[in-house]
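Peer 1: Got a structure for you, work.csv, holding CSV, C-alpha atoms and all ligand atoms.
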chain,number,residue,atom,x,y,z
A,20,MET,CA,-148.7,-37.4,35.5
A,21,ARG,CA,-145.0,-37.4,34.5
A,22,PRO,CA,-144.0,-34.6,32.1
A,23,PRO,CA,-142.9,-36.0,28.7
A,24,TRP,CA,-139.3,-34.8,28.9
A,25,LEU,CA,-138.8,-36.9,32.0
A,26,PHE,CA,-140.0,-40.0,30.2
A,27,SER,CA,-137.7,-39.5,27.2
A,28,PHE,CA,-134.6,-39.1,29.4
A,29,ALA,CA,-135.4,-42.1,31.6
A,30,VAL,CA,-136.1,-44.6,28.8
A,31,PRO,CA,-134.3,-43.7,25.5
A,32,PRO,CA,-136.4,-44.8,22.5
A,33,TRP,CA,-135.3,-47.1,19.7
A,34,GLY,CA,-132.1,-48.3,21.2
A,35,LEU,CA,-130.5,-44.9,21.5
A,36,SER,CA,-128.8,-46.2,24.6
A,37,ARG,CA,-126.1,-47.6,22.3
A,38,PRO,CA,-124.1,-44.6,20.9
A,39,ALA,CA,-124.9,-44.2,17.2
A,40,TRP,CA,-122.1,-41.7,16.7
A,41,ARG,CA,-118.5,-42.3,17.5
A,42,PRO,CA,-115.9,-39.6,17.8
A,43,PRO,CA,-113.4,-39.5,14.9
A,44,ARG,CA,-110.1,-41.3,15.6
A,45,LEU,CA,-107.6,-38.5,16.0
A,46,PRO,CA,-103.9,-39.0,15.0
A,47,VAL,CA,-101.5,-40.2,17.7
A,48,CYS,CA,-99.0,-37.6,18.9
A,49,ALA,CA,-95.5,-39.0,18.3
A,50,ARG,CA,-94.1,-37.6,21.6
A,51,ASN,CA,-96.5,-39.0,24.2
A,52,GLY,CA,-98.9,-41.3,22.3
A,53,GLU,CA,-102.0,-39.3,23.0
A,54,ARG,CA,-104.7,-39.0,20.4
A,55,ARG,CA,-105.2,-35.4,19.6
A,56,LEU,CA,-105.6,-32.9,16.7
A,57,LEU,CA,-102.2,-31.7,15.6
A,58,LEU,CA,-101.6,-28.3,13.9
A,59,ARG,CA,-100.4,-29.9,10.6
A,60,ASP,CA,-103.7,-31.9,10.5
A,61,ALA,CA,-105.7,-28.8,10.9
A,62,VAL,CA,-103.8,-27.5,7.8
A,63,PHE,CA,-103.8,-30.7,5.7
A,64,GLY,CA,-106.9,-32.4,7.0
A,65,VAL,CA,-107.5,-35.4,9.2
A,66,GLU,CA,-107.8,-38.6,7.2
A,67,GLY,CA,-111.3,-40.1,7.4
A,68,ALA,CA,-112.5,-38.1,10.4
A,69,ALA,CA,-116.2,-37.3,10.2
A,70,GLY,CA,-116.8,-33.7,9.1
A,71,GLN,CA,-113.2,-33.2,8.2
A,72,SER,CA,-111.3,-33.3,4.9
A,73,VAL,CA,-111.2,-36.6,3.0
A,74,VAL,CA,-107.9,-35.6,1.4
A,75,ARG,CA,-105.1,-37.7,2.7
A,76,ARG,CA,-101.9,-36.2,4.0
A,77,ASN,CA,-98.7,-37.2,2.3
A,78,THR,CA,-97.3,-39.2,5.2
A,79,GLY,CA,-100.4,-41.4,5.4
A,80,LEU,CA,-100.7,-41.7,1.6
A,81,ALA,CA,-97.0,-42.6,1.2
A,82,ARG,CA,-97.3,-45.3,3.9
A,83,GLU,CA,-100.3,-46.8,2.2
A,84,TYR,CA,-98.3,-47.2,-1.0
A,85,TRP,CA,-95.4,-48.8,1.0
A,86,ARG,CA,-97.9,-51.2,2.6
A,87,ARG,CA,-99.1,-52.3,-0.8
A,88,ALA,CA,-95.5,-52.9,-2.0
A,89,VAL,CA,-93.9,-54.6,0.9
A,90,ARG,CA,-94.4,-58.2,1.9
A,91,THR,CA,-93.1,-59.7,5.1
A,92,GLY,CA,-89.5,-60.8,4.6
A,93,ASP,CA,-88.7,-58.2,1.9
A,94,VAL,CA,-85.7,-55.9,1.7
A,95,VAL,CA,-86.6,-52.3,2.3
A,96,VAL,CA,-84.5,-49.1,2.2
A,97,ASP,CA,-84.8,-45.7,3.9
A,98,ALA,CA,-82.4,-43.5,2.0
A,99,THR,CA,-82.8,-40.5,4.4
A,100,SER,CA,-83.4,-41.9,7.8
A,101,GLY,CA,-83.4,-38.6,9.7
A,102,ASN,CA,-85.2,-39.0,13.0
A,103,GLY,CA,-86.2,-42.6,12.1
A,104,HIS,CA,-90.0,-42.2,11.9
A,105,ASP,CA,-90.1,-43.6,8.3
A,106,THR,CA,-87.5,-46.2,9.1
A,107,LEU,CA,-89.6,-47.6,12.0
A,108,ALA,CA,-92.7,-47.7,9.8
A,109,LEU,CA,-90.8,-49.5,7.1
A,110,ALA,CA,-89.3,-52.0,9.6
A,111,GLN,CA,-92.8,-52.8,10.8
A,112,LEU,CA,-94.0,-53.4,7.3
A,113,SER,CA,-91.1,-55.8,6.5
A,114,GLY,CA,-92.2,-57.9,9.5
A,115,ALA,CA,-89.6,-56.7,12.1
A,116,PRO,CA,-88.5,-58.0,14.5
A,117,VAL,CA,-88.7,-61.5,13.0
A,118,ALA,CA,-88.4,-61.3,9.2
A,119,GLY,CA,-87.1,-59.0,6.4
A,120,THR,CA,-84.2,-56.7,6.0
A,121,LEU,CA,-84.1,-53.0,6.6
A,122,LEU,CA,-81.3,-50.8,5.3
A,123,ALA,CA,-81.2,-47.2,6.4
A,124,MET,CA,-78.7,-44.4,5.9
A,125,ASP,CA,-78.2,-40.7,6.6
A,126,LEU,CA,-75.4,-38.3,5.9
A,127,GLN,CA,-75.4,-37.2,9.6
A,128,PRO,CA,-74.2,-39.4,12.4
A,129,GLU,CA,-76.8,-37.9,14.9
A,130,ALA,CA,-79.6,-38.9,12.5
A,131,VAL,CA,-78.3,-42.5,12.4
A,132,LEU,CA,-78.1,-42.6,16.2
A,133,THR,CA,-81.6,-41.1,16.6
A,134,THR,CA,-82.9,-43.8,14.1
A,135,TRP,CA,-81.1,-46.5,16.0
A,136,ARG,CA,-82.6,-45.3,19.3
A,137,ARG,CA,-86.1,-45.3,17.8
A,138,LEU,CA,-85.7,-48.9,16.5
A,139,HIS,CA,-84.0,-49.9,19.8
A,140,ASP,CA,-87.0,-48.6,21.7
A,141,ALA,CA,-89.4,-50.5,19.5
A,142,PHE,CA,-87.5,-53.9,19.1
A,143,GLY,CA,-84.7,-53.7,21.8
A,144,ASP,CA,-85.5,-57.0,23.5
A,145,HIS,CA,-85.7,-58.9,20.2
A,146,VAL,CA,-82.8,-57.5,18.3
A,147,LEU,CA,-79.1,-57.8,19.0
A,148,TRP,CA,-77.4,-54.5,18.2
A,149,ARG,CA,-73.8,-54.0,17.4
A,150,ARG,CA,-72.2,-50.7,16.7
A,151,THR,CA,-68.9,-50.1,14.9
A,152,GLY,CA,-67.0,-47.1,13.8
A,153,ASP,CA,-67.6,-43.6,14.9
A,154,GLY,CA,-68.6,-40.3,13.4
A,155,LEU,CA,-68.6,-40.7,9.6
A,156,ARG,CA,-67.9,-44.4,9.7
A,157,LEU,CA,-70.7,-45.2,12.2
A,158,ARG,CA,-72.5,-48.4,11.5
A,159,VAL,CA,-75.1,-50.2,13.5
A,160,ARG,CA,-76.2,-53.8,12.8
A,161,GLY,CA,-79.1,-55.6,14.3
A,162,VAL,CA,-80.1,-59.2,14.0
A,163,SER,CA,-83.2,-60.7,15.6
A,164,ARG,CA,-82.5,-63.2,18.3
A,165,ASP,CA,-85.9,-64.8,17.8
A,166,ALA,CA,-85.7,-65.6,14.1
A,167,PRO,CA,-84.2,-68.8,12.5
A,168,ASN,CA,-81.7,-68.2,9.7
A,169,GLY,CA,-80.8,-64.7,10.8
A,170,GLY,CA,-84.3,-63.4,10.4
A,171,PHE,CA,-84.8,-59.7,10.7
A,172,GLU,CA,-81.7,-57.9,9.8
A,173,CYS,CA,-81.2,-54.2,10.2
A,174,ARG,CA,-78.3,-52.1,8.9
A,175,LEU,CA,-78.0,-48.4,9.7
A,176,ALA,CA,-75.1,-46.5,8.4
A,177,CYS,CA,-73.8,-43.0,8.1
A,178,GLY,CA,-73.1,-42.0,4.5
A,179,SER,CA,-74.6,-40.7,1.3
A,180,HIS,CA,-77.4,-42.4,-0.5
A,181,GLU,CA,-75.9,-41.6,-3.9
A,182,ALA,CA,-75.1,-45.3,-4.6
A,183,PHE,CA,-75.9,-47.2,-1.5
A,184,ASP,CA,-74.6,-50.6,-2.4
A,185,TRP,CA,-71.7,-49.8,-0.1
A,186,LEU,CA,-74.1,-50.9,2.6
A,187,TRP,CA,-73.4,-54.5,1.7
A,188,ARG,CA,-70.4,-54.3,-0.6
A,189,ASP,CA,-68.0,-52.3,1.5
A,190,PRO,CA,-65.9,-54.7,3.6
A,191,GLU,CA,-64.1,-51.9,5.5
A,192,ASP,CA,-64.9,-53.2,8.9
A,193,GLY,CA,-66.3,-56.4,10.1
A,194,ASP,CA,-65.3,-60.0,10.6
A,195,GLU,CA,-65.8,-63.1,8.4
A,196,ASP,CA,-69.3,-63.5,9.7
A,197,ASP,CA,-70.1,-59.9,8.6
A,198,LEU,CA,-68.6,-60.6,5.2
A,199,GLN,CA,-70.7,-63.7,4.7
A,200,GLN,CA,-73.8,-61.8,5.7
A,201,ASP,CA,-72.8,-59.1,3.2
A,202,ARG,CA,-72.5,-61.6,0.4
A,203,ARG,CA,-75.8,-63.3,1.3
A,204,LEU,CA,-77.6,-59.9,1.3
A,205,GLY,CA,-76.0,-58.9,-2.0
A,206,HIS,CA,-77.1,-62.1,-3.6
A,207,ARG,CA,-80.6,-61.7,-2.2
A,208,ILE,CA,-80.9,-58.2,-3.5
A,209,ALA,CA,-79.7,-59.4,-6.9
A,210,MET,CA,-82.2,-62.2,-7.0
A,211,GLN,CA,-85.4,-60.7,-5.5
A,212,GLY,CA,-84.7,-57.0,-5.6
A,213,VAL,CA,-85.8,-54.3,-3.1
A,214,SER,CA,-89.5,-53.7,-2.6
A,215,CYS,CA,-89.5,-50.2,-1.4
A,216,VAL,CA,-87.0,-47.3,-1.3
A,217,VAL,CA,-88.1,-44.2,0.6
A,218,TYR,CA,-86.8,-40.7,0.4
A,219,ASN,CA,-87.9,-37.8,2.6
A,220,LEU,CA,-86.0,-34.9,1.2
A,221,GLY,CA,-84.8,-31.7,2.8
A,222,TYR,CA,-83.1,-31.1,6.2
A,223,LEU,CA,-83.2,-33.0,9.5
A,224,PRO,CA,-86.1,-31.6,11.5
A,225,GLY,CA,-85.6,-30.7,15.1
A,226,SER,CA,-84.5,-27.7,17.1
A,227,GLY,CA,-80.8,-28.5,17.3
A,228,SER,CA,-80.3,-29.7,13.8
A,229,ASP,CA,-78.1,-28.0,11.1
A,230,ARG,CA,-80.6,-26.9,8.4
A,231,GLN,CA,-77.8,-26.2,6.0
A,232,VAL,CA,-77.3,-29.9,5.5
A,233,THR,CA,-80.0,-30.8,3.0
A,234,THR,CA,-80.5,-33.3,0.3
A,235,THR,CA,-79.5,-31.9,-3.1
A,236,PRO,CA,-81.0,-32.3,-6.6
A,237,ALA,CA,-77.9,-33.9,-8.2
A,238,SER,CA,-77.2,-36.5,-5.5
A,239,THR,CA,-80.9,-37.2,-5.1
A,240,VAL,CA,-81.3,-37.9,-8.8
A,241,ARG,CA,-78.1,-40.0,-8.8
A,242,SER,CA,-79.5,-42.0,-5.9
A,243,LEU,CA,-82.9,-42.5,-7.6
A,244,GLU,CA,-81.1,-43.8,-10.6
A,245,ALA,CA,-79.1,-46.3,-8.5
A,246,ALA,CA,-82.2,-47.3,-6.5
A,247,SER,CA,-84.3,-47.9,-9.6
A,248,ALA,CA,-81.8,-50.6,-10.7
A,249,LEU,CA,-82.5,-52.5,-7.5
A,250,ILE,CA,-86.3,-52.3,-7.4
A,251,ARG,CA,-88.3,-55.5,-7.5
A,252,PRO,CA,-89.8,-55.8,-11.0
A,253,ASP,CA,-93.4,-56.7,-10.0
A,254,GLY,CA,-94.6,-53.8,-8.0
A,255,GLY,CA,-91.6,-52.5,-6.1
A,256,VAL,CA,-91.8,-48.7,-5.4
A,257,LEU,CA,-89.7,-45.6,-5.0
A,258,SER,CA,-91.4,-43.1,-2.7
A,259,VAL,CA,-90.1,-39.5,-2.7
A,260,SER,CA,-91.5,-36.8,-0.3
A,261,CYS,CA,-90.4,-33.4,-1.6
A,262,TYR,CA,-90.4,-30.2,0.5
A,263,THR,CA,-90.4,-26.9,-1.3
A,264,GLY,CA,-90.3,-24.6,1.8
A,265,HIS,CA,-86.6,-24.4,2.2
A,266,GLU,CA,-84.0,-22.9,-0.1
A,267,GLY,CA,-83.3,-25.2,-3.0
A,268,GLY,CA,-86.4,-27.4,-2.2
A,269,ALA,CA,-88.4,-26.2,-5.2
A,270,GLY,CA,-85.4,-26.9,-7.5
A,271,GLU,CA,-85.0,-30.4,-6.0
A,272,GLU,CA,-88.7,-31.2,-6.5
A,273,ARG,CA,-88.4,-30.1,-10.1
A,274,ALA,CA,-85.4,-32.4,-10.6
A,275,VAL,CA,-87.2,-35.3,-9.1
A,276,PHE,CA,-90.3,-34.6,-11.3
A,277,GLU,CA,-88.2,-34.3,-14.5
A,278,TRP,CA,-86.4,-37.6,-13.7
A,279,ALA,CA,-89.7,-39.4,-13.0
A,280,GLN,CA,-91.3,-38.0,-16.2
A,281,ARG,CA,-88.5,-39.5,-18.3
A,282,LEU,CA,-89.0,-43.1,-17.1
A,283,ASP,CA,-90.1,-45.5,-19.7
A,284,SER,CA,-93.9,-46.0,-19.3
A,285,ARG,CA,-93.6,-49.6,-20.4
A,286,GLN,CA,-91.6,-50.4,-17.2
A,287,TRP,CA,-92.6,-47.7,-14.8
A,288,THR,CA,-95.6,-45.9,-13.5
A,289,SER,CA,-94.8,-42.5,-12.0
A,290,LEU,CA,-97.2,-40.1,-10.4
A,291,ALA,CA,-97.2,-37.1,-8.2
A,292,HIS,CA,-99.6,-36.1,-5.4
A,293,GLN,CA,-99.5,-32.3,-5.3
A,294,TRP,CA,-101.5,-29.5,-3.7
A,295,LEU,CA,-102.4,-27.0,-6.4
A,296,ASN,CA,-103.7,-24.2,-4.3
A,297,ARG,CA,-101.3,-24.2,-1.3
A,298,HIS,CA,-98.1,-22.2,-1.3
A,299,LYS,CA,-95.0,-24.2,-0.8
A,300,ALA,CA,-96.9,-27.4,0.1
A,301,PRO,CA,-95.0,-30.7,0.1
A,302,SER,CA,-95.5,-33.2,-2.7
A,303,LEU,CA,-95.3,-36.9,-3.0
A,304,VAL,CA,-93.8,-38.8,-6.0
A,305,ILE,CA,-94.6,-42.5,-6.3
A,306,ILE,CA,-92.8,-44.6,-8.9
A,307,GLU,CA,-93.8,-48.2,-9.4
A,308,ARG,CA,-91.9,-50.8,-11.3
A,309,GLN,CA,-94.3,-53.0,-13.4
B,401,LIG,C1,-86.4,-34.6,6.0
B,401,LIG,S1,-85.1,-35.5,6.8
B,401,LIG,C2,-85.6,-37.2,6.8
B,401,LIG,C3,-86.7,-37.4,7.9
B,401,LIG,C4,-86.9,-38.8,8.1
B,401,LIG,N1,-87.5,-39.6,7.0
B,401,LIG,C5,-87.8,-39.1,9.4
B,401,LIG,O1,-88.7,-39.9,9.3
B,401,LIG,O2,-87.5,-38.5,10.4
B,401,LIG,C6,-83.9,-35.5,5.5
B,401,LIG,C7,-82.6,-36.2,5.9
B,401,LIG,O3,-81.8,-36.5,4.7
B,401,LIG,C8,-80.4,-36.5,5.1
B,401,LIG,N2,-79.6,-36.3,3.9
B,401,LIG,C9,-79.2,-35.3,3.2
B,401,LIG,N3,-78.4,-35.6,2.1
B,401,LIG,C10,-78.3,-36.9,2.2
B,401,LIG,C11,-77.5,-37.8,1.4
B,401,LIG,N4,-76.8,-37.5,0.3
B,401,LIG,N5,-77.6,-39.2,1.7
B,401,LIG,C12,-78.3,-39.6,2.8
B,401,LIG,N6,-79.0,-38.7,3.6
B,401,LIG,C13,-79.0,-37.4,3.3
B,401,LIG,C14,-80.3,-35.3,6.1
B,401,LIG,O4,-79.2,-35.5,6.9
B,401,LIG,C15,-81.7,-35.5,6.8
B,401,LIG,O5,-81.5,-36.1,8.0
Will you turn the file into structure tokens for me?
Ligand SMILES: C[S@@+](CC[C@H](N)C(=O)[O-])C[C@H]1O[C@@H](n2cnc3c(N)ncnc32)[C@H](O)[C@@H]1O
Peer 2:
Amino acid sequence: MRPPWLFSFAVPPWGLSRPAWRPPRLPVCARNGERRLLLRDAVFGVEGAAGQSVVRRNTGLAREYWRRAVRTGDVVVDATSGNGHDTLALAQLSGAPVAGTLLAMDLQPEAVLTTWRRLHDAFGDHVLWRRTGDGLRLRVRGVSRDAPNGGFECRLACGSHEAFDWLWRDPEDGDEDDLQQDRRLGHRIAMQGVSCVVYNLGYLPGSGSDRQVTTTPASTVRSLEAASALIRPDGGVLSVSCYTGHEGGAGEERAVFEWAQRLDSRQWTSLAHQWLNRHKAPSLVIIERQ
């Protein structure tokens, strides 16, 4: 007679041949696309993975808010484009490469170029890119080939976010066609507003970057003030990721909190997602226009 263990291996009982358990989906590594556990996930928890923390990391949480605010075809803004990760995520939400308008800026030309390269890798075949200026006047425009009526439009520029209407009001360089596009964009923003403005404060990450160049409390608050005047009234959002680990970061977080606390609650909802028992953890401020 066959021993019982042999029977149970040969014919699994009750449909166990279909796996009842699936491995958790691990986050994708930005560099090579592999799914694997990253160090930061070990610290802040992997979203939704079985047996791991259920607490969401700021990046995932912020993007969930953006997803709720942005509809295909909207105007979206990345006020600190840096290495372009957030810019790409926003572009995809606004329907790129065939709908919507993406505006992104950074104080440092290398950040603008890195952002442009990231978008180019993602949409290169679909979007016609044109670069003008150099150094501090660097501007890159992209317009989708596929789309009727201009379709997806992307503007990247080097400059401060303090009052970023220069992105469509400044006629410094460009031909009549550019000027007409500027006027159309200004009109669209005035009529429909901007559905999402994203800030990721601090310095440009990366080994070769200058960590002395950081966002500052005064210019960030001035920019938030300017951005709040452009936000779409029915559910547009401002999203601010604050980092307290670098010099000046805690003061900047405080300035953002104070500004957000003063907003009129009849028009705005402002909230913060903050770790209470982690030293120098980043925080996320979400401000919604009602
Ligand atoms: C933390 S990084 C942004 C990271 C980016 N969101 C990403 O996905 O890679 C902050 C960026 O803000 C930029 N910055 C600092 N002050 C600025 C200002 N006044 N206007 C626009 N960008 C600024 C820095 O150059 C830096 O690249």
Peer 1: Rank A:Cys177, A:Val256, A:Ala209, A:Val146 by their smallest atom-to-atom distance to Arg164 of chain A, using all atoms listed in the file, and report the top residue only.
Peer 2: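 For Arg164 of chain A, the nearest of the given residues is A:Val146.
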Peer 1: What does the list of residues within 10 Å of ligand LIG 401 (chain B) look like if you count all atoms listed in the file, written as a ChimeraX atom specification?
Peer 2: /A:78,97-108,123-131,133-134,176-183,217-225,228-239,241-242,260-262
Peer 1: Rounded to one decimal in Å, what is the spacing between atom CA of Val240 of chain A and atom CA of Leu303 of chain A?
Peer 2: 15.2 Å
Peer 1: Could you work out how far atom CA of Leu80 of chain A lies from atom CA of Asp93 of chain A, giving the answer in Å with one decimal?
Peer 2: 20.4 Å
Peer 1: Of the residues A:Glu272, A:Ser258, A:Ala279, A:Arg158, which is the one nearest to Asn77 of chain A, using all atoms listed in the file?
Peer 2: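 Smallest separation from Asn77 of chain A among the options: A:Ser258.
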Peer 1: List the spatial neighbours of Gln286 of chain A as an NGL selection string - criterion: any atom at most 7 Å away, only C-alpha atoms, same-chain residues fewer than 2 positions off excluded.
Peer 2: :A and (283-284 or 308-309)
Peer 1: Between atom CA of Ala269 of chain A and atom CA of Leu122 of chain A, what is the spacing in Å?
Peer 2: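 If I compute the distance from atom CA of Leu122 of chain A to atom CA of Ala269 of chain A, I get 27.7 Å.
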Peer 1: Could you check the closest approach to Leu147 of chain A for each of A:Asp196, A:Glu172, A:Asp201, A:Glu271 and tell me which residue wins, using all atoms listed in the file?
Peer 2: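 Checking each of A:Asp196, A:Glu172, A:Asp201, A:Glu271 against Leu147 of chain A, counting all atoms listed in the file, the winner is A:Glu172.
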Peer 1: A:Thr151, A:Ser214, A:Ser113, A:Ser163: which is nearest Leu132 of chain A, counting only C-alpha atoms?
Peer 2: A:Thr151
Peer 1: Could you check which of A:Asp189, A:Tyr84, A:Arg203, A:Asp153 is closest to Glu307 of chain A, using only C-alpha atoms?
Peer 2: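 Counting only C-alpha atoms, the residue closest to Glu307 of chain A is A:Tyr84.
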Peer 1: Write out as a short mmCIF file (atom, residue, chain, number, x, y, z; two decimals) with C-alpha atoms, in the frame of the given file which residues come within 6 Å of Val95 of chain A when counting all atoms listed in the file, dropping same-chain ones fewer than 3 positions away.
Peer 2:
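Below you can see part-v2.cif, which holds the result:
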data_model
loop_
_atom_site.label_atom_id
_atom_site.label_comp_id
_atom_site.auth_asym_id
_atom_site.auth_seq_id
_atom_site.Cartn_x
_atom_site.Cartn_y
_atom_site.Cartn_z
CA LEU A 121 -84.10 -53.00 6.60
CA VAL A 213 -85.80 -54.30 -3.10
CA SER A 214 -89.50 -53.70 -2.60
CA CYS A 215 -89.50 -50.20 -1.40
#
Peer 1: From (-86.6, -59.5, 6.0), in the file's coordinates, out to 9 Å: which residues are reached, counting only C-alpha atoms? Answer as a short mmCIF file (atom, residue, chain, number, x, y, z; two decimals) with C-alpha atoms, in the coordinates of the input.
Peer 2:
data_model
loop_
_atom_site.label_atom_id
_atom_site.label_comp_id
_atom_site.auth_asym_id
_atom_site.auth_seq_id
_atom_site.Cartn_x
_atom_site.Cartn_y
_atom_site.Cartn_z
CA ARG A 90 -94.40 -58.20 1.90
CA THR A 91 -93.10 -59.70 5.10
CA GLY A 92 -89.50 -60.80 4.60
CA ASP A 93 -88.70 -58.20 1.90
CA VAL A 94 -85.70 -55.90 1.70
CA VAL A 95 -86.60 -52.30 2.30
CA ALA A 110 -89.30 -52.00 9.60
CA SER A 113 -91.10 -55.80 6.50
CA GLY A 114 -92.20 -57.90 9.50
CA ALA A 115 -89.60 -56.70 12.10
CA PRO A 116 -88.50 -58.00 14.50
CA VAL A 117 -88.70 -61.50 13.00
CA ALA A 118 -88.40 -61.30 9.20
CA GLY A 119 -87.10 -59.00 6.40
CA THR A 120 -84.20 -56.70 6.00
CA LEU A 121 -84.10 -53.00 6.60
CA GLY A 170 -84.30 -63.40 10.40
CA PHE A 171 -84.80 -59.70 10.70
CA GLU A 172 -81.70 -57.90 9.80
CA CYS A 173 -81.20 -54.20 10.20
#
